[in-house]
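Chemist: One structure, pasted below without further comment.
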Amino acid sequence: MVAPKDFFESLASWTIYLLFAFLPIFFIPLPWVTLPQSKVLIILALLSIAIISWVISSLMGGGMRIPRTSILLTALLLPFAYGASIFVSSGTTYSIWGSGVEQDTLAAVCLWYIALLGFAMMFSDTLIKGIYAIRALLIGGLALFVLEFVHIFFPSLTSFGGVLVSQTANALGGWYESGIFSGLLLFLSVTTMRTPLANRAWRFVVAAVAVLSFLLLVIINVRDVWISLAAVSTFYILLDFVTGRHWYDLFRFRIWRRYLGLIALVVLSLIFVFAGPAINTHLPASMQISVSEARPSWSGTFQIGSRALSQPAQLVFGAGPNTFMREWSLYKPVEINQTAFWNADFMTGIGLIPTSLITIGLVGGFAWLLFIISILWVGLRLAHSSPRQGASMLIEPLFLAVAYLVAFHVFYAPGPALSILTFLLLGVAIGYAASLGRIPHIFFATRGRAGISISYIITLVAFVIVAFIVCGSIARVIAAEVLINRSITTFNTAGDLVRSSGYVSQALKIYPQDARGQRTAVEIGLIQIQQITAATSSERSADQLKKIVEDTIRYALNAVSINGDDYQNWLELANLYQELAGANVSGAYENAKEAYAKLIADNPTNPIAYFKRAQLELLEKNTDAAIADLLTAVKLKPDFAAGYYLASQIYASQGNFKDAMAPAYSATQAASNDPLAWYNLAAIAYSAGDYADATPSAEQAIVLEPQYANALYILGLSYYRLGRVDDSKRIFGQLDKLNPGQPVVREIITNLDAGMSPFTESASSTKKASSDLSAHSDKKK
């Protein structure tokens, strides 16, 4: 019979192995559960089980070992730095928990430290655990690579219910992340081939991982990964050569033979650094995959940081964790409006650590610096003191693999899987070195000379409490977010507003501080308001409408109360009040205007805020104010087609067709593939009597949308005004076939056939006639 202590110790160990194996490949095949959410959920579940089992085993076993290393102390500075930043910046729950999957939150860094400390302690008693854990990671990576190759060639067969849709979708995360992970396993497989990890049949597993990771990396072809691989492999050779004191064997082949795999890896990496794109063009078409991930550049990140940290308090403690998106909205360079990412909300800068310099300030930068230095120092010291044989040969690859991952936290913002893997591997590396006696440890015994050890119990209880608070709180937030995703998916696929509303209500019961959930409730409320107002009015529907309006306003106010620094919450509130202002609700216009003022203050370079406020002003017939906002919008974004279009409509509605022509023409240049823009210019030019300009504009609208009835109508009239009567007859004939039985069209055809003017009544207007056709040719703006 298995002793309870052994049972819980085995349970903790196998749970850890499952975590390493499942981390690369695990996801929940449901469209409303995102990959990052799946990763965090499996991390929370297995990490919690491992900690509980290990704590019970530790209590039964007489104590616990904590490796005595500076890494554990400097890593502890990260949660303290994040906590201090939240305190000074008066951070919101978004800085503490976020949506459960962000990396720049207090909860995330606490989870990292729990994983680091927990694994360092769990792996410090026996070295075989470390070997099994890395083997489990290799197995998980092997499964990921096989799935990815199948998905590349047969994406429709492995979509898993729409979770992996595109060819670049994978079970780990983004395409770039897949490249980073492939590079990690390629390095580990090459450097561990001569260690006990790759003995017997495992040598074939390691070799298979090396081959598949290299092939996948060739397809992904991320230059940063090739550079990092060349750098870390070169450093490993130099480190092993110098610390092994092989200078006297410099010209002997036998000493270089041990580095052949790494030398080949360096050479291949350098080849792909310089010739990767050219090599990629010779791959089969299905393997020529080019993907670019948008994120701020180094200069853009530093530009945001220089403005966000302009005050002493912000310089020291930062703008607050997880607030880069707010700082981006406030200080985004106006030049970004000329790019495809003008309306993108970036959660991080160029990399996670540079982002933390903005959000956590010098305190966070100092904490990261000490943490990185301690990793390098401990790794170098261990490399110098460890023998180049047996189990000790695994120490250097583990620490260099961690350094590789940490480097990508500087150059990139990895998802939760790679971030937690960094700290899991570091914990394994520390524990493995401690199990070999290379790192000393502190032993906390269950019982001391005077009985039960109070220090041991306090340490253990504190660790468990913090772990449960962090894991439980993150799980709570993700549960709410998943329900919100399901609400959106349900409405988009089935149009079931009742079920969608129910899911949002459940989400807000689980986590009332979810601003995204409050905004989703507002969107549902707006749809319900539209449905009720469109239905037959009654006393019951009036009471129902009043309650829905009150609830929807409450949700919108809750959102800005939860996080008043997020411009999206103010945009939602402004949209709601604007809808109510359109229904002549008392005070709605004033409230909407206040919300837009706050929105513009929080997002001053986004033209949408000014465009939306212009629409609000038009509800009150404030055309001058609307034009002023539209001018500001197009000044911020000179190719903002919607702004030009609305301005032309305002001038045209006033009968000022001359001033309407310029913005109408600008709209066609900004949106040259939009048939509505060309029709708008044609209609305005025709109304202004400029038939020569109306004709080509209407023709272009028809080229883009051959069945555009209103454009055909304007074109037919323009041809007649230019004396091209036969062309006019032809166009109206096409229009009659497109929309048979239209009285206006039939009248025009009859008049043209009789040699008369299209309209028997001189007062007949283009505007009126076009409106008669609009019901048959609704176009989006």
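All residue names refer to the structure tokens as shown: chains lettered A, B, ... in order, residues numbered from 1 in each chain, ligands numbered from 1 in order.
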Using DSSP assignments from the backbone, pull out every residue in range 382-482 of chain A that falls under helix (DSSP H, G or I) and give it to me as a ChimeraX atom specification.
Modeler: /A:382-385,390-411,416-435,454-482
Chemist: Would you mind listing, for every residue of range 668-735 of chain A within 12 Å of range 616-640 of chain A, the two atoms forming the shortest contact and the distance between them in Å to one decimal, using only C-alpha atoms, sorted by chain and ascending residue number, as a Markdown table?
Modeler:
| residue | atom | partner | partner_atom | distance |
| --- | --- | --- | --- | --- |
| A:Thr668 | CA | A:Asp639 | CA | 9.8 |
| A:Gln669 | CA | A:Asp639 | CA | 7.8 |
| A:Ala670 | CA | A:Asp639 | CA | 4.8 |
| A:Ala671 | CA | A:Asp639 | CA | 8.0 |
| A:Ser672 | CA | A:Asp639 | CA | 10.7 |
Chemist: Keeping only N, CA, C and O atoms, write those residues as a tab-separated table (two decimals), in the first residue's frame.
Modeler:
chain	number	residue	atom	x	y	z
A	668	THR	N	-13.79	60.38	-52.29
A	668	THR	CA	-13.50	59.39	-53.33
A	668	THR	C	-12.01	59.07	-53.39
A	668	THR	O	-11.62	57.94	-53.70
A	669	GLN	N	-11.16	60.04	-53.06
A	669	GLN	CA	-9.72	59.78	-53.08
A	669	GLN	C	-9.29	58.96	-51.87
A	669	GLN	O	-8.37	58.14	-51.95
A	670	ALA	N	-9.95	59.18	-50.75
A	670	ALA	CA	-9.61	58.44	-49.54
A	670	ALA	C	-10.19	57.03	-49.55
A	670	ALA	O	-9.64	56.12	-48.93
A	671	ALA	N	-11.32	56.84	-50.24
A	671	ALA	CA	-11.96	55.52	-50.33
A	671	ALA	C	-12.31	55.25	-51.78
A	671	ALA	O	-13.48	55.23	-52.17
A	672	SER	N	-11.28	55.06	-52.59
A	672	SER	CA	-11.49	54.94	-54.04
A	672	SER	C	-12.22	53.67	-54.44
A	672	SER	O	-12.72	53.57	-55.56
Chemist: Got a sec: who's within 10 Å of Ser292 in chain A, counting only C-alpha atoms, leaving out chain neighbours fewer than 3 positions off, as a list in words?
Modeler: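 In the requested form, the answer reads Trp175, Tyr176, Val222 and Arg295 of chain A.
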Chemist: Point out the residue among A:Ala264, A:Ala407, A:Ala652, A:Ile42 with the least atom-to-atom distance to Ile180 in chain A, counting only C-alpha atoms.
Modeler: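 Of the candidates, the smallest distance to Ile180 in chain A is held by A:Ala407.
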Chemist: Between CA of Leu704 in chain A and CA of Leu752 in chain A, what distance in Å does the model show, to one decimal?
Modeler: 27.2 Å
Chemist: Could you check the closest approach to Phe187 in chain A for each of A:Val209, A:Leu229, A:Leu270, A:Val461 and tell me which residue wins, using only C-alpha atoms?
Modeler: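 Nearest candidate to Phe187 in chain A out of A:Val209, A:Leu229, A:Leu270, A:Val461: A:Leu229.
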Chemist: With distances taken over only C-alpha atoms, which of A:Pro4, A:Pro67, A:Pro743, A:Pro79 is nearest to Met122 in chain A?
Modeler: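 Answer, going by the shortest atom-to-atom distance: A:Pro67.
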Chemist: Give me the residues near Ala50 in chain A as a list in words, where near means some atom within 7 Å (using only C-alpha atoms) and where sequence neighbours in that chain fewer than 4 positions away do not count.
Modeler: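 Answer for this query is Ala12, Thr15, Ile16, Leu46 and Trp54 of chain A.
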Chemist: Using the selection just defined, write its residues with all heavy atoms as an mmCIF file, in the first residue's frame.
Modeler:
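result_9.cif was written with the following content:
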data_model
loop_
_atom_site.group_PDB
_atom_site.id
_atom_site.type_symbol
_atom_site.label_atom_id
_atom_site.label_comp_id
_atom_site.auth_asym_id
_atom_site.auth_seq_id
_atom_site.Cartn_x
_atom_site.Cartn_y
_atom_site.Cartn_z
ATOM 1 N N ALA A 12 1.933 15.352 -7.009
ATOM 2 C CA ALA A 12 2.532 16.653 -7.325
ATOM 3 C C ALA A 12 3.473 16.543 -8.515
ATOM 4 O O ALA A 12 3.455 17.380 -9.428
ATOM 5 C CB ALA A 12 3.267 17.204 -6.110
ATOM 6 N N THR A 15 1.572 15.848 -11.808
ATOM 7 C CA THR A 15 0.848 17.060 -12.211
ATOM 8 C C THR A 15 1.786 18.048 -12.880
ATOM 9 O O THR A 15 1.431 18.693 -13.881
ATOM 10 C CB THR A 15 0.188 17.717 -10.985
ATOM 11 O OG1 THR A 15 -0.661 16.773 -10.337
ATOM 12 C CG2 THR A 15 -0.650 18.918 -11.413
ATOM 13 N N ILE A 16 3.002 18.160 -12.352
ATOM 14 C CA ILE A 16 4.003 19.043 -12.958
ATOM 15 C C ILE A 16 4.365 18.559 -14.359
ATOM 16 O O ILE A 16 4.457 19.350 -15.306
ATOM 17 C CB ILE A 16 5.255 19.105 -12.067
ATOM 18 C CG1 ILE A 16 4.932 19.829 -10.756
ATOM 19 C CG2 ILE A 16 6.401 19.809 -12.782
ATOM 20 C CD1 ILE A 16 6.044 19.730 -9.728
ATOM 21 N N LEU A 46 -3.519 22.939 -12.938
ATOM 22 C CA LEU A 46 -2.444 21.989 -12.614
ATOM 23 C C LEU A 46 -1.477 22.551 -11.578
ATOM 24 O O LEU A 46 -0.975 21.803 -10.724
ATOM 25 C CB LEU A 46 -1.700 21.618 -13.900
ATOM 26 C CG LEU A 46 -2.526 20.841 -14.927
ATOM 27 C CD1 LEU A 46 -1.698 20.498 -16.153
ATOM 28 C CD2 LEU A 46 -3.111 19.572 -14.310
ATOM 29 N N TRP A 54 2.002 19.001 -3.020
ATOM 30 C CA TRP A 54 3.352 19.144 -2.476
ATOM 31 C C TRP A 54 3.317 19.631 -1.026
ATOM 32 O O TRP A 54 4.123 19.180 -0.199
ATOM 33 C CB TRP A 54 4.148 20.124 -3.343
ATOM 34 C CG TRP A 54 5.493 20.415 -2.762
ATOM 35 C CD1 TRP A 54 6.610 19.636 -2.838
ATOM 36 C CD2 TRP A 54 5.853 21.567 -1.997
ATOM 37 N NE1 TRP A 54 7.648 20.230 -2.167
ATOM 38 C CE2 TRP A 54 7.221 21.419 -1.640
ATOM 39 C CE3 TRP A 54 5.176 22.708 -1.588
ATOM 40 C CZ2 TRP A 54 7.897 22.371 -0.893
ATOM 41 C CZ3 TRP A 54 5.843 23.661 -0.842
ATOM 42 C CH2 TRP A 54 7.194 23.495 -0.502
#
Chemist: Can you work out which one of A:Val163, A:Ile484, A:Ile527, A:Thr750 has the shortest atom-to-atom distance to Lys509 in chain A, counting only C-alpha atoms?
Modeler: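 Selected residue with least distance to Lys509 in chain A: A:Ile484.
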Chemist: List the spatial neighbours of range 475-483 of chain A as a PyMOL selection string - criterion: any atom at most 10 Å away, only C-alpha atoms, same-chain residues fewer than 2 positions off excluded.
Modeler: chain A and resi 31-34+36-38+40-41+44-45+97-101+469-473+485-489+500+502-514+516-517
Chemist: Report, in Å with one decimal, the straight-line distance from CA of Tyr432 in chain A to CA of Leu127 in chain A.
Modeler: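 Those two atoms sit 5.4 Å apart.
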Chemist: When distances are computed from only C-alpha atoms, which of A:Ala403, A:Val334, A:Ala660, A:Ala429 shows the smallest separation from Val232 in chain A?
Modeler: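 Closest residue, counting only C-alpha atoms: A:Ala403.
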Chemist: Report as a PyMOL selection string all protein, DNA and RNA residues lying within 7 Å of Lys39 in chain A, evaluated on only C-alpha atoms, omitting residues in the same chain fewer than 3 positions from it.
Modeler: chain A and resi 23+26-27+35-36+42-43+416-417
